[in-house]
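The file coords-v6.pdb comes next; it holds PDB, C-alpha atoms.
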```pdb
ATOM      1  CA  ARG M 215       1.336  19.255  -8.238
ATOM      2  CA  ASP M 216       1.421  15.518  -8.857
ATOM      3  CA  ALA M 217       4.749  13.811  -8.132
ATOM      4  CA  TRP M 218       5.855  10.213  -8.870
ATOM      5  CA  ALA M 219       8.559   7.970  -7.448
ATOM      6  CA  VAL M 220       9.220   4.385  -8.565
ATOM      7  CA  GLY M 221      11.769   1.940  -7.215
ATOM      8  CA  ALA M 222      12.546  -1.763  -7.284
ATOM      9  CA  HIS M 223      14.391  -4.138  -4.982
ATOM     10  CA  ASP M 224      15.741  -7.493  -6.175
ATOM     11  CA  GLY M 225      17.531  -8.504  -2.967
ATOM     12  CA  TYR M 226      15.129 -11.441  -2.515
ATOM     13  CA  ASP M 227      15.398 -12.533  -6.161
ATOM     14  CA  ARG M 228      17.900 -15.307  -5.516
ATOM     15  CA  GLY M 229      17.421 -18.797  -6.877
ATOM     16  CA  PRO M 230      14.548 -20.146  -8.963
ATOM     17  CA  GLU M 231      11.864 -18.959  -6.521
ATOM     18  CA  GLY M 232      13.085 -15.447  -5.757
ATOM     19  CA  VAL M 233      10.942 -12.300  -5.692
ATOM     20  CA  THR M 234      11.442  -8.792  -7.067
ATOM     21  CA  HIS M 235       9.549  -6.007  -5.263
ATOM     22  CA  ARG M 236       8.610  -2.865  -7.172
ATOM     23  CA  ARG M 237       6.894   0.151  -5.580
ATOM     24  CA  ALA M 238       5.331   3.199  -7.196
ATOM     25  CA  ALA M 239       4.251   6.135  -5.017
ATOM     26  CA  TRP M 240       2.198   9.023  -6.361
ATOM     27  CA  LEU M 241       1.347  12.244  -4.526
ATOM     28  CA  ARG M 242      -1.916  13.452  -6.076
ATOM     29  CA  ASP M 243      -3.136  17.037  -6.454
ATOM     30  CA  GLY M 244      -6.257  16.026  -4.499
ATOM     31  CA  GLY M 245      -4.148  15.806  -1.326
ATOM     32  CA  TYR M 246      -3.727  12.041  -1.084
ATOM     33  CA  VAL M 247      -1.045   9.429  -1.844
ATOM     34  CA  ILE M 248      -1.285   6.250  -3.941
ATOM     35  CA  VAL M 249       1.210   3.447  -3.297
ATOM     36  CA  CYS M 250       1.281   0.367  -5.510
ATOM     37  CA  ASP M 251       3.445  -2.602  -4.553
ATOM     38  CA  GLU M 252       4.154  -5.338  -7.087
ATOM     39  CA  PHE M 253       5.828  -8.664  -6.280
ATOM     40  CA  VAL M 254       7.045 -10.827  -9.172
ATOM     41  CA  GLY M 255       8.515 -14.304  -8.797
ATOM     42  CA  GLN M 256       7.936 -18.030  -9.147
ATOM     43  CA  GLY M 257       6.849 -20.313  -6.310
ATOM     44  CA  THR M 258       4.939 -19.619  -3.101
ATOM     45  CA  HIS M 259       5.915 -16.542  -1.112
ATOM     46  CA  ASP M 260       5.036 -14.942   2.217
ATOM     47  CA  LEU M 261       4.758 -11.242   1.388
ATOM     48  CA  GLU M 262       4.884  -8.392   3.900
ATOM     49  CA  VAL M 263       4.426  -4.638   3.534
ATOM     50  CA  ASN M 264       5.001  -2.279   6.484
ATOM     51  CA  PHE M 265       3.777   1.244   7.138
ATOM     52  CA  GLN M 266       5.463   3.052  10.032
ATOM     53  CA  PHE M 267       3.549   6.039  11.400
ATOM     54  CA  ALA M 268       4.701   8.898  13.615
ATOM     55  CA  PRO M 269       4.266   8.591  17.387
ATOM     56  CA  GLY M 270       1.083   9.856  18.941
ATOM     57  CA  ALA M 271      -2.135   8.939  17.205
ATOM     58  CA  PRO M 272      -3.336   5.371  17.718
ATOM     59  CA  LEU M 273      -4.073   3.110  14.748
ATOM     60  CA  LEU M 274      -7.655   1.913  14.632
ATOM     61  CA  VAL M 275      -8.805  -0.780  12.199
ATOM     62  CA  ALA M 276     -11.971   0.434  10.504
ATOM     63  CA  ASN M 277     -12.532  -2.869   8.673
ATOM     64  CA  ASP M 278     -10.417  -5.581   7.059
ATOM     65  CA  ALA M 279      -9.101  -3.159   4.408
ATOM     66  CA  ALA M 280      -8.644   0.207   6.137
ATOM     67  CA  VAL M 281      -6.982   1.696   9.184
ATOM     68  CA  ALA M 282      -7.321   5.171  10.694
ATOM     69  CA  CYS M 283      -4.419   6.968  12.317
ATOM     70  CA  GLY M 284      -6.371   9.080  14.777
ATOM     71  CA  ASP M 285      -7.996  12.042  13.071
ATOM     72  CA  VAL M 286      -4.910  12.698  10.901
ATOM     73  CA  ALA M 287      -5.056  10.103   8.112
ATOM     74  CA  ALA M 288      -6.581   6.849   6.895
ATOM     75  CA  LEU M 289      -4.927   4.103   4.888
ATOM     76  CA  HIS M 290      -7.035   1.875   2.611
ATOM     77  CA  TRP M 291      -5.685  -1.222   0.844
ATOM     78  CA  PHE M 292      -6.942  -3.175  -2.151
ATOM     79  CA  ALA M 293      -5.724  -6.387  -3.797
ATOM     80  CA  GLY M 294      -6.849  -9.417  -5.755
ATOM     81  CA  ILE M 295      -6.225 -11.660  -2.719
ATOM     82  CA  PRO M 296      -6.757 -11.042   1.023
ATOM     83  CA  TRP M 297      -4.027  -9.361   3.056
ATOM     84  CA  ALA M 298      -4.043  -9.768   6.849
ATOM     85  CA  ALA M 299      -3.443  -6.645   8.933
ATOM     86  CA  GLU M 300      -1.420  -6.534  12.151
ATOM     87  CA  LEU M 301      -1.059  -3.428  14.317
ATOM     88  CA  ALA M 302       1.782  -2.766  16.748
ATOM     89  CA  ASP M 303       2.687   0.197  18.943
ATOM     90  CA  GLY M 304       5.630  -0.303  21.268
ATOM     91  CA  GLY M 305       5.453  -4.088  21.596
ATOM     92  CA  ASP M 306       8.211  -6.635  22.064
ATOM     93  CA  GLY M 307      10.997  -6.513  19.496
ATOM     94  CA  PRO M 308      12.236  -3.871  17.070
ATOM     95  CA  ALA M 309       9.527  -4.593  14.451
ATOM     96  CA  ALA M 310       6.716  -4.092  16.973
ATOM     97  CA  GLY M 311       6.093  -0.382  16.558
ATOM     98  CA  TRP M 312       9.205   1.628  17.413
ATOM     99  CA  ILE M 313      11.139   4.512  15.889
ATOM    100  CA  ALA M 314      14.550   5.907  16.827
ATOM    101  CA  PRO M 315      14.433   9.731  16.838
ATOM    102  CA  SER M 316      18.142   9.753  17.692
ATOM    103  CA  LEU M 317      20.957   7.303  18.375
ATOM    104  CA  GLY M 318      20.190   5.108  21.381
ATOM    105  CA  VAL M 319      16.661   6.479  21.841
ATOM    106  CA  LYS M 320      13.557   4.512  20.974
ATOM    107  CA  GLN M 321       9.987   5.722  21.000
ATOM    108  CA  ALA M 322       6.775   3.745  20.549
ATOM    109  CA  ALA M 323       5.061   4.534  17.245
ATOM    110  CA  PRO M 324       2.141   2.864  15.422
ATOM    111  CA  ARG M 325       3.053   0.346  12.730
ATOM    112  CA  LEU M 326       0.771  -1.447  10.285
ATOM    113  CA  THR M 327       1.993  -4.703   8.761
ATOM    114  CA  LEU M 328       0.090  -6.262   5.852
ATOM    115  CA  ARG M 329       0.811  -9.914   5.032
ATOM    116  CA  CYS M 330      -0.306 -12.456   2.478
ATOM    117  CA  ARG M 331       0.794 -15.790   1.034
ATOM    118  CA  SER M 332       0.797 -15.987  -2.746
ATOM    119  CA  ASP M 333       1.767 -18.562  -5.330
ATOM    120  CA  ALA M 334       0.911 -16.284  -8.266
ATOM    121  CA  PRO M 335       3.754 -15.170 -10.560
ATOM    122  CA  ARG M 336       2.671 -11.571  -9.853
ATOM    123  CA  THR M 337       0.908 -10.114  -6.805
ATOM    124  CA  ALA M 338      -0.116  -6.460  -6.460
ATOM    125  CA  LEU M 339      -1.248  -4.369  -3.489
ATOM    126  CA  LEU M 340      -2.697  -0.872  -3.905
ATOM    127  CA  THR M 341      -2.823   1.444  -0.890
ATOM    128  CA  VAL M 342      -4.387   4.883  -0.704
ATOM    129  CA  LEU M 343      -3.384   7.255   2.117
ATOM    130  CA  VAL M 344      -5.902  10.061   2.631
ATOM    131  CA  PRO M 345      -5.946  12.950   5.112
ATOM    132  CA  ARG M 346      -8.662  13.148   7.768
ATOM    133  CA  GLY M 347     -10.065  15.952   9.896
ATOM    134  CA  GLU M 348      -8.110  19.197   9.851
ATOM    135  CA  ALA M 349      -5.290  17.528   7.873
ATOM    136  CA  GLY M 350      -7.197  17.933   4.601
ATOM    137  CA  PRO M 351     -10.491  17.653   2.757
ATOM    138  CA  ALA M 352     -12.771  14.681   3.412
ATOM    139  CA  LEU M 353     -12.160  12.052   0.742
ATOM    140  CA  ASP M 354     -14.273   8.997  -0.018
ATOM    141  CA  VAL M 355     -12.279   5.894  -1.030
ATOM    142  CA  ARG M 356     -14.002   2.733  -2.275
ATOM    143  CA  ARG M 357     -13.511  -0.111  -4.712
ATOM    144  CA  GLU M 358     -16.002  -0.555  -7.520
ATOM    145  CA  ALA M 359     -17.777  -3.904  -7.181
ATOM    146  CA  ASP M 360     -16.090  -6.772  -9.069
ATOM    147  CA  SER M 361     -13.501  -4.406 -10.482
ATOM    148  CA  ALA M 362      -9.840  -3.447 -10.235
ATOM    149  CA  THR M 363     -10.907   0.214 -10.064
ATOM    150  CA  VAL M 364     -10.718   2.241  -6.852
ATOM    151  CA  VAL M 365     -12.704   5.492  -6.714
ATOM    152  CA  VAL M 366     -11.254   8.438  -4.783
ATOM    153  CA  LYS M 367     -13.768  11.255  -4.544
ATOM    154  CA  GLY M 368     -13.098  14.661  -3.042
ATOM    155  CA  PRO M 369     -14.306  18.247  -3.363
ATOM    156  CA  GLY M 370     -14.431  18.990  -7.075
ATOM    157  CA  PHE M 371     -12.798  15.775  -8.334
ATOM    158  CA  THR M 372     -13.334  12.056  -8.805
ATOM    159  CA  ASP M 373     -10.275   9.929  -9.595
ATOM    160  CA  LEU M 374     -10.572   6.389 -10.929
ATOM    161  CA  VAL M 375      -7.468   4.467  -9.881
ATOM    162  CA  THR M 376      -6.918   1.222 -11.769
ATOM    163  CA  ALA M 377      -4.333  -1.317 -10.712
ATOM    164  CA  SER M 378      -3.675  -4.625 -12.382
ATOM    165  CA  PHE M 379      -4.402  -7.101  -9.570
ATOM    166  CA  GLY M 380      -4.353 -10.158 -11.835
ATOM    167  CA  ASP M 381      -1.762 -12.874 -11.488
ATOM    168  CA  HIS M 382      -0.507 -12.399 -15.051
ATOM    169  CA  GLU M 383       2.960 -11.087 -15.696
ATOM    170  CA  ARG M 384       2.761  -7.374 -16.399
ATOM    171  CA  ARG M 385       4.242  -6.325 -19.721
ATOM    172  CA  ASP M 386       7.007  -3.715 -19.628
ATOM    173  CA  ASP M 387       4.702  -1.270 -21.432
ATOM    174  CA  GLU M 388       1.762  -1.956 -19.077
ATOM    175  CA  ALA M 389       1.287   0.620 -16.314
ATOM    176  CA  LEU M 390       1.532  -0.527 -12.719
ATOM    177  CA  VAL M 391      -1.290   1.860 -11.810
ATOM    178  CA  GLU M 392      -3.340   4.358 -13.813
ATOM    179  CA  VAL M 393      -5.438   7.323 -12.691
ATOM    180  CA  ARG M 394      -8.090   8.966 -14.819
TER     181      ARG M 394
END
```

Take the structure in this file and express it as structure tokens.
Amino acid sequence: RDAWAVGAHDGYDRGPEGVTHRRAAWLRDGGYVIVCDEFVGQGTHDLEVNFQFAPGAPLLVANDAAVACGDVAALHWFAGIPWAAELADGGDGPAAGWIAPSLGVKQAAPRLTLRCRSDAPRTALLTVLVPRGEAGPALDVRREADSATVVVKGPGFTDLVTASFGDHERRDDEALVEVR
């Protein structure tokens, strides 16, 4: 069944131009995962979101808003402003696509980093992780034109995922993401 997890991190919320990061993750009955990241703060910020994948399947950029991890999964991202994608798999430095399966052992593993620069008081990024191939049913993920609604369509269901991408401050009673 559906399962939710929500967390926040205020470790970068120091001084007048700090940022609070909030993340909501939702495992949907349709076999996919929704992740919504929200960044709230004053001033201009360089924002970064990382997705570390398991070793093996290469990451392939399908376009400027989706990446495929072999025939296992695809990750689509949506926002009100552009996010640049960077792929790494065993490059120079610890943030360049490595995991440590045990102490003192490192193994190359695909990593997707999404970055943007924002001066809005609130910036949101919605990602949808869907299975591919034998990992699950074929799902179609697309954004409705000129809308904050993402359509996820699978066998026997159509979910409309709405995220507030605007730069307004979200009210405490306003949902970070809604699915209908």

Counting only C-alpha atoms, what is within 7 Å of Asn264 of chain M, bar same-chain residues fewer than 4 positions away, as a PyMOL selection string? chain M and resi 326-328

Residues of segment 298-367 of chain M within 10 Å of segment 274-281 of chain M: nearest atom pair and distance (Å, one decimal) for each, counting all atoms listed in the file, sorted by chain and number, as JSON lines?
```
{"residue": "M:Ala298", "atom": "CA", "partner": "M:Asp278", "partner_atom": "CA", "distance": 7.6}
{"residue": "M:Ala299", "atom": "CA", "partner": "M:Asp278", "partner_atom": "CA", "distance": 7.3}
{"residue": "M:Glu300", "atom": "CA", "partner": "M:Val275", "partner_atom": "CA", "distance": 9.4}
{"residue": "M:Leu301", "atom": "CA", "partner": "M:Val275", "partner_atom": "CA", "distance": 8.5}
{"residue": "M:Pro324", "atom": "CA", "partner": "M:Leu274", "partner_atom": "CA", "distance": 9.9}
{"residue": "M:Leu326", "atom": "CA", "partner": "M:Val281", "partner_atom": "CA", "distance": 8.4}
{"residue": "M:Leu328", "atom": "CA", "partner": "M:Ala279", "partner_atom": "CA", "distance": 9.8}
{"residue": "M:Thr341", "atom": "CA", "partner": "M:Ala280", "partner_atom": "CA", "distance": 9.2}
{"residue": "M:Val342", "atom": "CA", "partner": "M:Ala280", "partner_atom": "CA", "distance": 9.3}
{"residue": "M:Leu343", "atom": "CA", "partner": "M:Ala280", "partner_atom": "CA", "distance": 9.7}
{"residue": "M:Val355", "atom": "CA", "partner": "M:Ala280", "partner_atom": "CA", "distance": 9.8}
```

Hey, which bits of segment 261-378 of chain M sit within 9 Å of segment 241-256 of chain M, and for each residue what's the closest pair of atoms and how far apart in Å (one decimal), counting only C-alpha atoms, rows by chain and increasing number, as a tab-separated table?
```
residue	atom	partner	partner_atom	distance
M:Leu261	CA	M:Phe253	CA	8.2
M:Val263	CA	M:Asp251	CA	8.4
M:Asp333	CA	M:Gln256	CA	7.3
M:Ala334	CA	M:Gln256	CA	7.3
M:Pro335	CA	M:Gly255	CA	5.2
M:Arg336	CA	M:Val254	CA	4.5
M:Thr337	CA	M:Phe253	CA	5.2
M:Ala338	CA	M:Glu252	CA	4.5
M:Leu339	CA	M:Asp251	CA	5.1
M:Leu340	CA	M:Cys250	CA	4.5
M:Thr341	CA	M:Val249	CA	5.1
M:Val342	CA	M:Ile248	CA	4.7
M:Leu343	CA	M:Val247	CA	5.1
M:Val344	CA	M:Tyr246	CA	4.7
M:Pro345	CA	M:Tyr246	CA	6.6
M:Gly350	CA	M:Gly245	CA	7.0
M:Pro351	CA	M:Gly245	CA	7.8
M:Leu353	CA	M:Tyr246	CA	8.6
M:Lys367	CA	M:Gly244	CA	8.9
M:Gly368	CA	M:Gly244	CA	7.1
M:Pro369	CA	M:Gly244	CA	8.4
M:Phe371	CA	M:Gly244	CA	7.6
M:Asp373	CA	M:Gly244	CA	8.9
M:Val375	CA	M:Ile248	CA	8.8
M:Ala377	CA	M:Cys250	CA	7.8
```

So how far away is atom CA of Val233 of chain M from atom CA of Trp297 of chain M, in Å? 17.6 Å

Within 12 Å of file point (6.7, -1.5, 18.2), counting only C-alpha atoms, expressed as a list in words: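 The requested residues, written out, are Asn264, Phe265, Gln266, Phe267, Ala268, Pro269, Glu300, Leu301, Ala302, Asp303, Gly304, Gly305, Asp306, Gly307, Pro308, Ala309, Ala310, Gly311, Trp312, Ile313, Ala314, Lys320, Gln321, Ala322, Ala323, Pro324, Arg325, Leu326 and Thr327 of chain M.
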
How far is it from atom CA of Thr376 of chain M to atom CA of Asp354 of chain M, in Å with one decimal?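 Here the two named atoms are 15.9 Å from each other.
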
Distance atom CA of Ala362 of chain M-atom CA of Gly294 of chain M, one decimal place?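 Atom CA of Ala362 of chain M sits 8.0 Å away from atom CA of Gly294 of chain M.
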
Which is closest to Ser332 of chain M among M:Gly229, M:Gly221, M:Gly284, M:Pro296, if we use only C-alpha atoms?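 Using only C-alpha atoms, Ser332 of chain M sits closest to M:Pro296.
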
Just need the box for segment 356-365 of chain M, edges along x, y and z, holding every atom the file lists for it with 6 Å tacked onto each side, so centre and edge lengths in Å to one decimal, as JSON.
```
{"center_x": -13.8, "center_y": -0.6, "center_z": -6.4, "size_x": 19.9, "size_y": 24.3, "size_z": 20.2}
```

Around the point (-12.2, 0.8, -4.6) (coordinates from the file), which residues reach within 9 Å if we count all atoms listed in the file? Answer as a VMD selection string. chain M and resid 290 to 292 355 to 359 361 to 366 374 to 376

I need segment 260-320 of chain M written out with C-alpha atoms, as a PDB file, in the first residue's frame; please produce it.
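Output saved as result23.pdb:
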```
ATOM      1  CA  ASP M 260      22.961  27.178  -5.152  1.00  0.00           C
ATOM      2  CA  LEU M 261      20.778  24.114  -4.606  1.00  0.00           C
ATOM      3  CA  GLU M 262      21.841  20.508  -5.166  1.00  0.00           C
ATOM      4  CA  VAL M 263      19.943  17.222  -4.966  1.00  0.00           C
ATOM      5  CA  ASN M 264      21.742  13.873  -5.358  1.00  0.00           C
ATOM      6  CA  PHE M 265      20.448  10.441  -6.296  1.00  0.00           C
ATOM      7  CA  GLN M 266      22.875   7.565  -5.730  1.00  0.00           C
ATOM      8  CA  PHE M 267      22.080   4.382  -7.650  1.00  0.00           C
ATOM      9  CA  ALA M 268      23.328   0.831  -7.158  1.00  0.00           C
ATOM     10  CA  PRO M 269      26.372  -0.336  -9.129  1.00  0.00           C
ATOM     11  CA  GLY M 270      25.834  -1.946 -12.486  1.00  0.00           C
ATOM     12  CA  ALA M 271      23.381  -0.263 -14.802  1.00  0.00           C
ATOM     13  CA  PRO M 272      24.628   2.878 -16.538  1.00  0.00           C
ATOM     14  CA  LEU M 273      22.707   6.152 -16.272  1.00  0.00           C
ATOM     15  CA  LEU M 274      21.541   7.478 -19.613  1.00  0.00           C
ATOM     16  CA  VAL M 275      20.051  10.961 -19.993  1.00  0.00           C
ATOM     17  CA  ALA M 276      16.858  10.664 -22.015  1.00  0.00           C
ATOM     18  CA  ASN M 277      16.342  14.444 -22.183  1.00  0.00           C
ATOM     19  CA  ASP M 278      16.918  17.461 -19.946  1.00  0.00           C
ATOM     20  CA  ALA M 279      14.384  16.201 -17.375  1.00  0.00           C
ATOM     21  CA  ALA M 280      14.748  12.410 -17.251  1.00  0.00           C
ATOM     22  CA  VAL M 281      17.410   9.769 -16.807  1.00  0.00           C
ATOM     23  CA  ALA M 282      17.216   6.001 -17.300  1.00  0.00           C
ATOM     24  CA  CYS M 283      19.114   3.570 -15.115  1.00  0.00           C
ATOM     25  CA  GLY M 284      19.530   0.767 -17.625  1.00  0.00           C
ATOM     26  CA  ASP M 285      16.328  -1.209 -18.031  1.00  0.00           C
ATOM     27  CA  VAL M 286      15.599  -1.122 -14.273  1.00  0.00           C
ATOM     28  CA  ALA M 287      14.203   2.360 -13.588  1.00  0.00           C
ATOM     29  CA  ALA M 288      13.768   5.903 -14.873  1.00  0.00           C
ATOM     30  CA  LEU M 289      13.837   9.127 -12.897  1.00  0.00           C
ATOM     31  CA  HIS M 290      11.896  12.170 -14.150  1.00  0.00           C
ATOM     32  CA  TRP M 291      12.166  15.639 -12.590  1.00  0.00           C
ATOM     33  CA  PHE M 292       9.890  18.666 -12.746  1.00  0.00           C
ATOM     34  CA  ALA M 293      10.246  22.200 -11.370  1.00  0.00           C
ATOM     35  CA  GLY M 294       9.285  25.805 -11.963  1.00  0.00           C
ATOM     36  CA  ILE M 295      12.892  26.653 -12.916  1.00  0.00           C
ATOM     37  CA  PRO M 296      15.525  24.651 -14.848  1.00  0.00           C
ATOM     38  CA  TRP M 297      17.732  22.176 -13.001  1.00  0.00           C
ATOM     39  CA  ALA M 298      21.007  21.071 -14.614  1.00  0.00           C
ATOM     40  CA  ALA M 299      21.817  17.358 -14.535  1.00  0.00           C
ATOM     41  CA  GLU M 300      25.287  15.898 -14.005  1.00  0.00           C
ATOM     42  CA  LEU M 301      26.069  12.180 -14.179  1.00  0.00           C
ATOM     43  CA  ALA M 302      29.031  10.480 -12.520  1.00  0.00           C
ATOM     44  CA  ASP M 303      30.120   6.854 -12.231  1.00  0.00           C
ATOM     45  CA  GLY M 304      33.473   6.259 -10.580  1.00  0.00           C
ATOM     46  CA  GLY M 305      35.082   9.620 -11.343  1.00  0.00           C
ATOM     47  CA  ASP M 306      37.586  11.640  -9.353  1.00  0.00           C
ATOM     48  CA  GLY M 307      36.601  12.390  -5.770  1.00  0.00           C
ATOM     49  CA  PRO M 308      34.138  10.845  -3.332  1.00  0.00           C
ATOM     50  CA  ALA M 309      31.098  12.666  -4.803  1.00  0.00           C
ATOM     51  CA  ALA M 310      31.802  11.363  -8.314  1.00  0.00           C
ATOM     52  CA  GLY M 311      29.811   8.146  -8.249  1.00  0.00           C
ATOM     53  CA  TRP M 312      31.084   5.807  -5.534  1.00  0.00           C
ATOM     54  CA  ILE M 313      29.569   3.653  -2.806  1.00  0.00           C
ATOM     55  CA  ALA M 314      31.267   1.833   0.069  1.00  0.00           C
ATOM     56  CA  PRO M 315      29.800  -1.681   0.432  1.00  0.00           C
ATOM     57  CA  SER M 316      32.067  -2.221   3.440  1.00  0.00           C
ATOM     58  CA  LEU M 317      34.737  -0.377   5.405  1.00  0.00           C
ATOM     59  CA  GLY M 318      37.713   0.509   3.212  1.00  0.00           C
ATOM     60  CA  VAL M 319      36.087  -0.755   0.002  1.00  0.00           C
ATOM     61  CA  LYS M 320      34.790   1.549  -2.694  1.00  0.00           C
TER      62      LYS M 320
END
```
